[in-house]
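Enquirer: Just so it is clear, I am handing over upload.csv, which has CSV, C-alpha atoms.
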```
chain,number,residue,atom,x,y,z
X,1,MET,CA,24.9,4.5,19.6
X,2,ASN,CA,22.5,6.6,21.7
X,3,THR,CA,22.0,5.6,25.3
X,4,LEU,CA,18.5,5.6,26.6
X,5,THR,CA,18.2,8.0,29.6
X,6,ASN,CA,14.5,8.8,29.6
X,7,TYR,CA,13.1,5.6,31.0
X,8,GLN,CA,11.6,4.1,34.2
X,9,THR,CA,12.5,0.8,35.7
X,10,ILE,CA,9.8,-1.1,37.6
X,11,LEU,CA,11.0,-3.6,40.1
X,12,GLY,CA,9.3,-7.0,40.6
X,13,ALA,CA,8.4,-8.7,43.9
X,14,ASN,CA,11.9,-9.9,44.3
X,15,GLY,CA,13.3,-6.4,44.1
X,16,LYS,CA,15.0,-6.9,40.8
X,17,PRO,CA,14.1,-5.0,37.6
X,18,GLU,CA,11.1,-6.6,35.8
X,19,PHE,CA,9.8,-4.0,33.4
X,20,VAL,CA,11.1,-0.9,31.7
X,21,VAL,CA,8.8,2.0,30.5
X,22,ILE,CA,10.2,4.2,27.8
X,23,PRO,CA,8.6,7.0,25.7
X,24,TYR,CA,6.9,5.6,22.5
X,25,ALA,CA,9.1,7.8,20.3
X,26,ASP,CA,12.2,6.0,21.8
X,27,PHE,CA,10.5,2.6,21.6
X,28,ILE,CA,9.9,2.7,17.8
X,29,LYS,CA,13.6,3.6,17.2
X,30,LEU,CA,14.8,0.4,18.9
X,31,PRO,CA,16.3,-2.1,16.5
X,32,GLY,CA,13.9,-4.8,15.5
X,33,MET,CA,10.8,-2.9,16.3
X,34,PHE,CA,8.2,-2.4,13.6
X,35,ARG,CA,7.1,1.1,12.9
X,36,PRO,CA,3.6,2.3,12.6
X,37,SER,CA,2.4,1.6,9.1
X,38,MET,CA,5.0,-1.1,8.5
X,39,ILE,CA,4.3,-4.8,8.3
X,40,PRO,CA,6.8,-7.2,9.8
X,41,ASN,CA,8.4,-9.7,7.5
X,42,ASP,CA,7.0,-12.6,9.6
X,43,VAL,CA,3.4,-11.4,9.0
X,44,VAL,CA,4.0,-11.0,5.2
X,45,GLY,CA,5.7,-14.4,5.0
X,46,ARG,CA,2.9,-16.1,6.9
X,47,ARG,CA,0.3,-14.5,4.7
X,48,ILE,CA,2.0,-15.4,1.4
X,49,MET,CA,3.7,-18.8,2.2
X,50,ASP,CA,0.9,-20.3,4.3
X,51,GLU,CA,-2.0,-18.4,2.6
X,52,VAL,CA,-3.6,-17.3,5.8
X,53,SER,CA,-5.6,-14.1,6.2
X,54,MET,CA,-3.8,-10.9,7.3
X,55,LEU,CA,-5.9,-11.0,10.5
X,56,GLN,CA,-4.6,-14.5,11.3
X,57,ALA,CA,-1.1,-13.6,10.4
X,58,TRP,CA,-1.1,-10.5,12.7
X,59,ARG,CA,-2.9,-12.4,15.5
X,60,GLU,CA,-0.3,-15.1,15.5
X,61,TYR,CA,2.6,-12.6,15.2
X,62,LEU,CA,1.2,-10.8,18.3
X,63,MET,CA,0.8,-14.2,20.0
X,64,LEU,CA,-2.9,-13.8,20.7
X,65,THR,CA,-5.6,-16.4,20.5
X,66,GLN,CA,-8.9,-16.0,18.6
X,67,GLU,CA,-10.6,-16.0,22.0
X,68,GLU,CA,-8.5,-13.1,23.2
X,69,ILE,CA,-9.2,-11.0,20.1
X,70,ALA,CA,-12.9,-11.9,20.2
X,71,LYS,CA,-13.2,-10.8,23.9
X,72,ARG,CA,-11.5,-7.5,23.1
X,73,MET,CA,-13.9,-7.0,20.2
X,74,GLY,CA,-16.9,-7.9,22.3
X,75,ILE,CA,-17.9,-10.9,20.2
X,76,SER,CA,-17.7,-14.7,20.4
X,77,GLN,CA,-14.7,-16.7,19.5
X,78,ALA,CA,-16.8,-18.4,16.7
X,79,GLY,CA,-17.8,-15.0,15.4
X,80,TYR,CA,-14.2,-13.9,15.3
X,81,ALA,CA,-13.2,-17.1,13.5
X,82,GLN,CA,-15.7,-16.4,10.8
X,83,ILE,CA,-14.2,-12.9,10.4
X,84,GLU,CA,-10.7,-14.3,10.2
X,85,ALA,CA,-11.8,-16.8,7.6
X,86,ALA,CA,-13.9,-14.4,5.5
X,87,LYS,CA,-12.7,-13.6,2.0
X,88,ARG,CA,-13.7,-10.0,2.2
X,89,PRO,CA,-14.6,-8.8,5.8
X,90,ARG,CA,-16.4,-5.5,6.1
X,91,LYS,CA,-14.2,-2.5,6.4
X,92,ALA,CA,-15.8,-1.5,9.8
X,93,THR,CA,-15.1,-5.0,11.1
X,94,LEU,CA,-11.5,-4.8,9.9
X,95,GLN,CA,-11.2,-1.3,11.5
X,96,LYS,CA,-12.3,-2.7,14.9
X,97,ALA,CA,-10.0,-5.7,14.6
X,98,ALA,CA,-7.1,-3.4,13.8
X,99,GLU,CA,-7.8,-1.2,16.8
X,100,VAL,CA,-7.8,-4.2,19.2
X,101,LEU,CA,-4.6,-5.5,17.6
X,102,GLY,CA,-3.0,-2.1,18.0
X,103,ILE,CA,-2.3,-1.7,14.3
X,104,THR,CA,-3.7,0.4,11.4
X,105,LEU,CA,-6.3,-0.6,8.9
X,106,GLU,CA,-3.7,-0.1,6.2
X,107,GLN,CA,-1.6,-2.8,7.8
X,108,LEU,CA,-4.5,-5.3,7.4
X,109,ALA,CA,-5.0,-4.3,3.8
X,110,TYR,CA,-1.9,-6.0,2.4
```
Would you kindly transcribe this structure into structure tokens?
Expert:
Amino acid sequence: MNTLTNYQTILGANGKPEFVVIPYADFIKLPGMFRPSMIPNDVVGRRIMDEVSMLQAWREYLMLTQEEIAKRMGISQAGYAQIEAAKRPRKATLQKAAEVLGITLEQLAY
């Protein structure tokens, strides 16, 4: 097993380690992390088993509310809810949603 050596520890107010910053290349190699362009099993399962949109499945996987996503997109929560419920949202809208979720458009196209 490779030991991480290229990282920074950030201490909290109590003087104990609270955060760790590592290079992205090291981060995506960590066990359990999803890789760019991959779709986590939980997202696919939610999409298929519960028949929700990919937007909803990703949003819930990332533990975000509709309001948080809407704010990042610069729209109302009601507007975002319509996008999430739409059968075929516009590609430009999906692209913007993907950007604010930190994923690729391809990851929404499943």
Enquirer: Report, in Å to a single decimal, how far apart atom CA of X:Ile103 and atom CA of X:Met73 are.
Expert: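 Calculated distance between atom CA of X:Met73 and atom CA of X:Ile103 is 14.1 Å.
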Enquirer: Need to verify the contact set: stretch 83-88 of chain X, 12 Å, only C-alpha atoms, exclusion of same-chain residues closer than 5 positions in sequence. Can you return it as an MDAnalysis selection string?
Expert: chainID X and resid 51:60 65:67 69:70 73 75:78 93:94 96:97 108:109
Enquirer: Tell me which of X:Pro23, X:Arg72, X:Ile39, X:Ala13 sits closest to X:Glu99, counting only C-alpha atoms.
Expert: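 Closest candidate: X:Arg72.
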Enquirer: With all atoms listed in the file as the counted atoms, please give the residues lying no more than 8 Å from X:Asp42, apart from itself and same-chain residues fewer than 3 positions off, as a ChimeraX atom specification.
Expert: /X:45-46,61
Enquirer: Could you tell me how far atom CA of X:Asp50 lies from atom CA of X:Ala92, in Å and to one decimal?
Expert: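 About the pair atom CA of X:Asp50 and atom CA of X:Ala92: they are 25.7 Å apart.
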Enquirer: Please provide as a PyMOL selection string all residues within 9 Å of X:Thr104, with the sequence filter that same-chain residues fewer than 5 positions apart are discarded (counting only C-alpha atoms).
Expert: chain X and resi 36-37+95+98-99
Enquirer: Which of these residues is nearest to X:Leu105, using only C-alpha atoms: X:Val21, X:Met38, X:Arg47, X:Leu62?
Expert: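 Among the listed residues, the smallest separation from X:Leu105 belongs to X:Met38.
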Enquirer: Interatomic distance between atom CA of X:Phe19 and atom CA of X:Leu101?
Expert: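 Separation of atom CA of X:Phe19 and atom CA of X:Leu101: 21.4 Å.
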Enquirer: I'd like to know which of X:Ile48, X:Ala81, X:Met63, X:Val20 is closest to X:Thr5, using only C-alpha atoms.
Expert: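 Under the stated criterion, the closest residue is X:Val20.
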